[in-house]
Amino acid sequence: MSEREKLKQTDQLIRGWLSDVRQTVIADLHDPLSVSEKTSRKDLVTNIDKANEKRLVAAIRAFDPQAKILGEEGSGDHVTDMKGHVWIIDPLDGTLNFVKQRDNFAMMISLYIDGVGVLGYIMDVMRNIIYGGGPKLGVFANERRLESPPNISLRDGLLGVSGPMLVHDKYHLQAIDAASSGVRIIGSAGIEFIQVLTGKQNGYISHLMPWDFAAGKILAEQLELCVTKVDGTPVDMLSSNDVLVSTKDTHKDIVNMIR
Ligand code: 2AM
Ligand code: CA
Ligand code: CA
Ligand code: CA
């Protein structure tokens, strides 16, 4: 079997894991949640975050027992380097949206080998669409291949931002807002990445953990989008970063305004 055929099989397997976990989320969607605060009343974890992570970790362990797993809720490993196979998972992204809206949340999985992004997946759970693929496969929204979005400038597009960063005017975000066609705040990094992948937004800026951007980075770069820290330097896969994902022209515009 060629490397590409193997990756295609793995792609189908991962899509299956996400679909299986989604089914349990949808089946229990209106059951009472067990919610606890992590760092604040705006930073929550539910029984669903934890259950999803356990299921995804079990699936990855059965498939790739030697691999390291970096997950938000602690069912994975303590990962200190990107050597070998590293799976990065966010079992429920946009937990506050999940709790308050039962909408606009995602699940994300990615595989890095020796630090290189190989496969990335973002599932929009309520729309039942998996955006996934990688450098050897291209990017697909379920069965539909995605083309690179148009390279629009800051002025001509809608920019996704983090609410707290906009309020605190971090990186002159209010001036960047004024220079764009407008800003949008969705509250799920995964859903924000999808907006950029599909050309509905020309970029997104937020303070993110590795599991928030690991899958989106692989997909965005495959579609000729830029993923860096907001100052234009490379992101660190093992710590938090102020991340900018955008079209090439918007990237130039924003990095110039920030520097
Ligand atoms: P989460 O829901 O998986 O925690 C908006 O809050 C976005 O930023 C979400 O994608 C959220 O992911 C992510 N995020 C990153 N760090 C966060 C933090 N300290 N508190 C809340 N959300 C955070
Ligand atoms: Ca969280
Ligand atoms: Ca997240
Ligand atoms: Ca999460």
# chains A, B, ... in the order shown; residues from 1 in each chain; ligands from 1
$ residues_around --residues "Lys6 of chain A" --least-positions-apart "6" --cutoff "12 Å" --atoms "only C-alpha atoms" --output "VMD selection string"
chain A and resid 12 to 13 119 136 to 137
$ write_last_selection --atoms "C-alpha atoms" --output "PDB file, in the first residue's frame"
ATOM      1  CA  GLN A  12     -11.523   7.509   7.066  1.00  0.00           C
ATOM      2  CA  LEU A  13     -10.840   5.989  10.476  1.00  0.00           C
ATOM      3  CA  LEU A 119      -3.520  15.092   9.383  1.00  0.00           C
ATOM      4  CA  LYS A 136      -0.794  14.508   1.173  1.00  0.00           C
ATOM      5  CA  LEU A 137      -4.600  14.459   0.871  1.00  0.00           C
TER       6      LEU A 137
END
$ residues_around --residues "Pro135 of chain A" --least-positions-apart "6" --cutoff "12 Å" --atoms "only C-alpha atoms" --output "PyMOL selection string"
chain A and resi 4+7-8+111-112+116-120+217-224
$ select_by_dssp --residues "segment 15-179 of chain A" --states "helix (DSSP H, G or I)" --output "PyMOL selection string"
chain A and resi 15-27+47-63+95-101+154-156+163-167+170-179
$ residues_near_ligand --ligand "ligand 2" --cutoff "7 Å" --atoms "only C-alpha atoms and all ligand atoms" --output "number ranges by chain"
A: 43-45, 72, 93, 95
$ write_last_selection --atoms "N, CA and C atoms" --output "compact mmCIF listing (two decimals), in the first residue's frame"
# COMPACT_ATOMS: atom_id res chain seq x y z
N ASP A 43 -14.65 29.91 31.98
CA ASP A 43 -13.74 28.84 31.52
C ASP A 43 -14.25 27.55 32.15
N LEU A 44 -15.08 26.81 31.38
CA LEU A 44 -15.81 25.68 31.95
C LEU A 44 -15.34 24.35 31.39
N VAL A 45 -15.64 23.30 32.14
CA VAL A 45 -15.50 21.95 31.61
C VAL A 45 -16.76 21.17 32.00
N GLU A 72 -6.71 18.40 26.04
CA GLU A 72 -6.98 19.50 26.98
C GLU A 72 -7.34 19.02 28.38
N ASP A 93 -14.53 21.95 21.74
CA ASP A 93 -13.99 23.31 21.62
C ASP A 93 -15.13 24.31 21.54
N THR A 95 -16.63 25.25 24.76
CA THR A 95 -17.45 24.66 25.84
C THR A 95 -18.52 25.64 26.33
$ residues_near_ligand --ligand "ligand 3" --cutoff "9 Å" --atoms "only C-alpha atoms and all ligand atoms" --output "PyMOL selection string"
chain A and resi 72+90-95+106-108+188-190+208-213
$ write_last_selection --atoms "N, CA and C atoms" --output "mmCIF file, in the first residue's frame"
data_model
loop_
_atom_site.group_PDB
_atom_site.id
_atom_site.type_symbol
_atom_site.label_atom_id
_atom_site.label_comp_id
_atom_site.auth_asym_id
_atom_site.auth_seq_id
_atom_site.Cartn_x
_atom_site.Cartn_y
_atom_site.Cartn_z
ATOM 1 N N GLU A 72 -6.711 18.405 26.045
ATOM 2 C CA GLU A 72 -6.976 19.498 26.980
ATOM 3 C C GLU A 72 -7.342 19.020 28.377
ATOM 4 N N ASP A 90 -8.697 18.320 20.977
ATOM 5 C CA ASP A 90 -9.603 19.144 21.775
ATOM 6 C C ASP A 90 -10.973 18.483 21.679
ATOM 7 N N PRO A 91 -11.387 17.811 22.772
ATOM 8 C CA PRO A 91 -12.590 16.972 22.696
ATOM 9 C C PRO A 91 -13.888 17.767 22.584
ATOM 10 N N LEU A 92 -13.844 19.028 22.996
ATOM 11 C CA LEU A 92 -15.019 19.897 22.866
ATOM 12 C C LEU A 92 -14.484 21.326 22.885
ATOM 13 N N ASP A 93 -14.531 21.955 21.743
ATOM 14 C CA ASP A 93 -13.987 23.311 21.622
ATOM 15 C C ASP A 93 -15.135 24.306 21.536
ATOM 16 N N GLY A 94 -15.127 25.273 22.454
ATOM 17 C CA GLY A 94 -16.260 26.188 22.563
ATOM 18 C C GLY A 94 -17.209 25.666 23.635
ATOM 19 N N THR A 95 -16.633 25.255 24.758
ATOM 20 C CA THR A 95 -17.447 24.664 25.839
ATOM 21 C C THR A 95 -18.524 25.637 26.326
ATOM 22 N N ALA A 106 -17.037 22.573 18.506
ATOM 23 C CA ALA A 106 -16.310 21.695 17.585
ATOM 24 C C ALA A 106 -15.584 20.597 18.349
ATOM 25 N N MET A 107 -15.103 19.612 17.590
ATOM 26 C CA MET A 107 -14.148 18.638 18.123
ATOM 27 C C MET A 107 -12.955 18.667 17.177
ATOM 28 N N MET A 108 -11.757 18.567 17.722
ATOM 29 C CA MET A 108 -10.563 18.658 16.863
ATOM 30 C C MET A 108 -9.559 17.563 17.181
ATOM 31 N N SER A 188 -15.498 29.975 19.489
ATOM 32 C CA SER A 188 -14.914 28.637 19.326
ATOM 33 C C SER A 188 -13.796 28.757 18.308
ATOM 34 N N ALA A 189 -12.579 28.438 18.739
ATOM 35 C CA ALA A 189 -11.439 28.544 17.822
ATOM 36 C C ALA A 189 -11.655 27.656 16.598
ATOM 37 N N GLY A 190 -12.207 26.468 16.825
ATOM 38 C CA GLY A 190 -12.436 25.547 15.708
ATOM 39 C C GLY A 190 -13.393 26.127 14.680
ATOM 40 N N LEU A 208 -4.460 31.268 22.138
ATOM 41 C CA LEU A 208 -4.888 29.874 21.999
ATOM 42 C C LEU A 208 -3.867 28.892 22.567
ATOM 43 N N MET A 209 -4.388 27.740 22.998
ATOM 44 C CA MET A 209 -3.552 26.623 23.423
ATOM 45 C C MET A 209 -3.300 25.726 22.203
ATOM 46 N N PRO A 210 -2.287 24.850 22.271
ATOM 47 C CA PRO A 210 -1.977 24.010 21.101
ATOM 48 C C PRO A 210 -3.187 23.245 20.556
ATOM 49 N N TRP A 211 -4.041 22.701 21.438
ATOM 50 C CA TRP A 211 -5.194 21.921 20.944
ATOM 51 C C TRP A 211 -6.230 22.811 20.255
ATOM 52 N N ASP A 212 -6.155 24.126 20.477
ATOM 53 C CA ASP A 212 -7.090 25.039 19.801
ATOM 54 C C ASP A 212 -6.705 25.292 18.340
ATOM 55 N N PHE A 213 -5.393 25.209 18.032
ATOM 56 C CA PHE A 213 -4.963 25.584 16.672
ATOM 57 C C PHE A 213 -4.239 24.480 15.913
#
$ closest_residue --among "A:Ile205, A:Met126, A:Val21, A:Ala62" --to "Arg184 of chain A" --atoms "only C-alpha atoms"
A:Ile205
$ closest_residue --among "A:Val245, A:Val227, A:Val79, A:Val25" --to "Asn52 of chain A" --atoms "only C-alpha atoms"
A:Val25
$ residues_around --residues "segment 167-171 of chain A" --least-positions-apart "5" --cutoff "12 Å" --atoms "only C-alpha atoms" --output "list in words"
Val161, Ser162, Ile176, Asp177, Ala178, Ile185, Ile205, Ser206, His207, Lys229, Val230, Asp231, Asp242, Val243, Leu244, Ile254, Val255, Asn256, Met257, Ile258 and Arg259 of chain A
$ write_last_selection --atoms "C-alpha atoms" --output "PDB file, in the first residue's frame"
ATOM      1  CA  VAL A 161     -11.290  38.013  17.081  1.00  0.00           C
ATOM      2  CA  SER A 162     -11.201  36.999  20.720  1.00  0.00           C
ATOM      3  CA  ILE A 176      -7.372  46.661  13.144  1.00  0.00           C
ATOM      4  CA  ASP A 177     -11.173  46.373  13.505  1.00  0.00           C
ATOM      5  CA  ALA A 178     -11.541  49.877  12.027  1.00  0.00           C
ATOM      6  CA  ILE A 185     -16.687  36.967  17.765  1.00  0.00           C
ATOM      7  CA  ILE A 205      -6.801  36.423  16.111  1.00  0.00           C
ATOM      8  CA  SER A 206      -6.907  34.824  19.562  1.00  0.00           C
ATOM      9  CA  HIS A 207      -4.879  33.638  22.536  1.00  0.00           C
ATOM     10  CA  LYS A 229       1.930  34.367  16.174  1.00  0.00           C
ATOM     11  CA  VAL A 230       0.448  37.858  15.716  1.00  0.00           C
ATOM     12  CA  ASP A 231       3.950  39.321  15.288  1.00  0.00           C
ATOM     13  CA  ASP A 242      -1.405  34.717  20.435  1.00  0.00           C
ATOM     14  CA  VAL A 243      -2.266  33.200  17.050  1.00  0.00           C
ATOM     15  CA  LEU A 244      -3.068  34.888  13.735  1.00  0.00           C
ATOM     16  CA  ILE A 254      -2.030  42.930  10.332  1.00  0.00           C
ATOM     17  CA  VAL A 255       1.644  42.171  11.041  1.00  0.00           C
ATOM     18  CA  ASN A 256       2.557  45.628   9.659  1.00  0.00           C
ATOM     19  CA  MET A 257       0.008  47.297  11.946  1.00  0.00           C
ATOM     20  CA  ILE A 258       1.204  45.374  15.008  1.00  0.00           C
ATOM     21  CA  ARG A 259       4.978  45.809  14.524  1.00  0.00           C
TER      22      ARG A 259
END
$ closest_residue --among "A:Asp64, A:Asp114, A:Glu147, A:Glu37" --to "ligand 1" --atoms "only C-alpha atoms and all ligand atoms"
A:Glu37
$ select_by_dssp --residues "segment 15-211 of chain A" --states "strand (DSSP E or B)" --output "ChimeraX atom specification"
/A:35-40,43-46,68-71,85-93,106-113,116-124,129-134,138-141,144-145,158-161,182-184,203-208
$ closest_residue --among "A:Leu173, A:Gly187, A:Val86, A:Ala59" --to "ligand 4" --atoms "only C-alpha atoms and all ligand atoms"
A:Gly187
$ closest_residue --among "A:Thr39, A:Gln195, A:Thr247, A:Asn202" --to "ligand 1" --atoms "only C-alpha atoms and all ligand atoms"
A:Thr39
$ residues_around --residues "Met123 of chain A" --least-positions-apart "6" --cutoff "10 Å" --atoms "only C-alpha atoms" --output "PDB file with N, CA and C atoms, in the first residue's frame"
ATOM      1  N   ARG A  15     -12.322  10.140  10.728  1.00  0.00           N
ATOM      2  CA  ARG A  15     -13.672  10.675  10.476  1.00  0.00           C
ATOM      3  C   ARG A  15     -14.724   9.803  11.167  1.00  0.00           C
ATOM      4  N   LEU A  18     -14.766  10.580  14.949  1.00  0.00           N
ATOM      5  CA  LEU A  18     -15.472  11.847  15.219  1.00  0.00           C
ATOM      6  C   LEU A  18     -16.984  11.658  15.061  1.00  0.00           C
ATOM      7  N   SER A  19     -17.378  10.926  14.037  1.00  0.00           N
ATOM      8  CA  SER A  19     -18.817  10.705  13.825  1.00  0.00           C
ATOM      9  C   SER A  19     -19.424   9.899  14.961  1.00  0.00           C
ATOM     10  N   ARG A  22     -19.699  12.138  17.943  1.00  0.00           N
ATOM     11  CA  ARG A  22     -20.793  13.092  17.696  1.00  0.00           C
ATOM     12  C   ARG A  22     -22.150  12.464  18.022  1.00  0.00           C
ATOM     13  N   LEU A  92     -13.844  19.028  22.996  1.00  0.00           N
ATOM     14  CA  LEU A  92     -15.019  19.897  22.866  1.00  0.00           C
ATOM     15  C   LEU A  92     -14.484  21.326  22.885  1.00  0.00           C
ATOM     16  N   ASP A  93     -14.531  21.955  21.743  1.00  0.00           N
ATOM     17  CA  ASP A  93     -13.987  23.311  21.622  1.00  0.00           C
ATOM     18  C   ASP A  93     -15.135  24.306  21.536  1.00  0.00           C
ATOM     19  N   PHE A 105     -19.912  24.750  18.481  1.00  0.00           N
ATOM     20  CA  PHE A 105     -18.806  24.065  19.145  1.00  0.00           C
ATOM     21  C   PHE A 105     -18.254  23.006  18.202  1.00  0.00           C
ATOM     22  N   ALA A 106     -17.037  22.573  18.506  1.00  0.00           N
ATOM     23  CA  ALA A 106     -16.310  21.695  17.585  1.00  0.00           C
ATOM     24  C   ALA A 106     -15.584  20.597  18.349  1.00  0.00           C
ATOM     25  N   MET A 107     -15.103  19.612  17.590  1.00  0.00           N
ATOM     26  CA  MET A 107     -14.148  18.638  18.123  1.00  0.00           C
ATOM     27  C   MET A 107     -12.955  18.667  17.177  1.00  0.00           C
ATOM     28  N   MET A 108     -11.757  18.567  17.722  1.00  0.00           N
ATOM     29  CA  MET A 108     -10.563  18.658  16.863  1.00  0.00           C
ATOM     30  C   MET A 108      -9.559  17.563  17.181  1.00  0.00           C
ATOM     31  N   ILE A 109      -8.966  17.039  16.121  1.00  0.00           N
ATOM     32  CA  ILE A 109      -7.918  16.013  16.231  1.00  0.00           C
ATOM     33  C   ILE A 109      -6.840  16.351  15.218  1.00  0.00           C
ATOM     34  N   ILE A 129     -20.422  18.525   9.898  1.00  0.00           N
ATOM     35  CA  ILE A 129     -19.426  18.619   8.820  1.00  0.00           C
ATOM     36  C   ILE A 129     -18.035  18.453   9.427  1.00  0.00           C
ATOM     37  N   ILE A 130     -17.255  17.544   8.841  1.00  0.00           N
ATOM     38  CA  ILE A 130     -15.856  17.371   9.235  1.00  0.00           C
ATOM     39  C   ILE A 130     -14.973  18.006   8.175  1.00  0.00           C
ATOM     40  N   TYR A 131     -14.222  19.018   8.598  1.00  0.00           N
ATOM     41  CA  TYR A 131     -13.210  19.640   7.739  1.00  0.00           C
ATOM     42  C   TYR A 131     -11.908  18.939   8.070  1.00  0.00           C
ATOM     43  N   GLY A 132     -11.315  18.246   7.095  1.00  0.00           N
ATOM     44  CA  GLY A 132     -10.115  17.488   7.438  1.00  0.00           C
ATOM     45  C   GLY A 132      -9.269  17.142   6.250  1.00  0.00           C
ATOM     46  N   ALA A 141     -14.340  19.052   3.118  1.00  0.00           N
ATOM     47  CA  ALA A 141     -15.477  19.267   4.014  1.00  0.00           C
ATOM     48  C   ALA A 141     -16.430  18.108   3.735  1.00  0.00           C
ATOM     49  N   ASN A 142     -16.465  17.120   4.620  1.00  0.00           N
ATOM     50  CA  ASN A 142     -17.061  15.814   4.312  1.00  0.00           C
ATOM     51  C   ASN A 142     -16.481  15.319   2.977  1.00  0.00           C
ATOM     52  N   GLY A 190     -12.207  26.468  16.825  1.00  0.00           N
ATOM     53  CA  GLY A 190     -12.436  25.547  15.708  1.00  0.00           C
ATOM     54  C   GLY A 190     -13.393  26.127  14.680  1.00  0.00           C
ATOM     55  N   ILE A 191     -14.502  26.688  15.150  1.00  0.00           N
ATOM     56  CA  ILE A 191     -15.487  27.267  14.218  1.00  0.00           C
ATOM     57  C   ILE A 191     -14.882  28.502  13.546  1.00  0.00           C
ATOM     58  N   ILE A 194     -12.744  27.359  10.757  1.00  0.00           N
ATOM     59  CA  ILE A 194     -13.588  26.947   9.619  1.00  0.00           C
ATOM     60  C   ILE A 194     -14.000  28.164   8.790  1.00  0.00           C
TER      61      ILE A 194
END
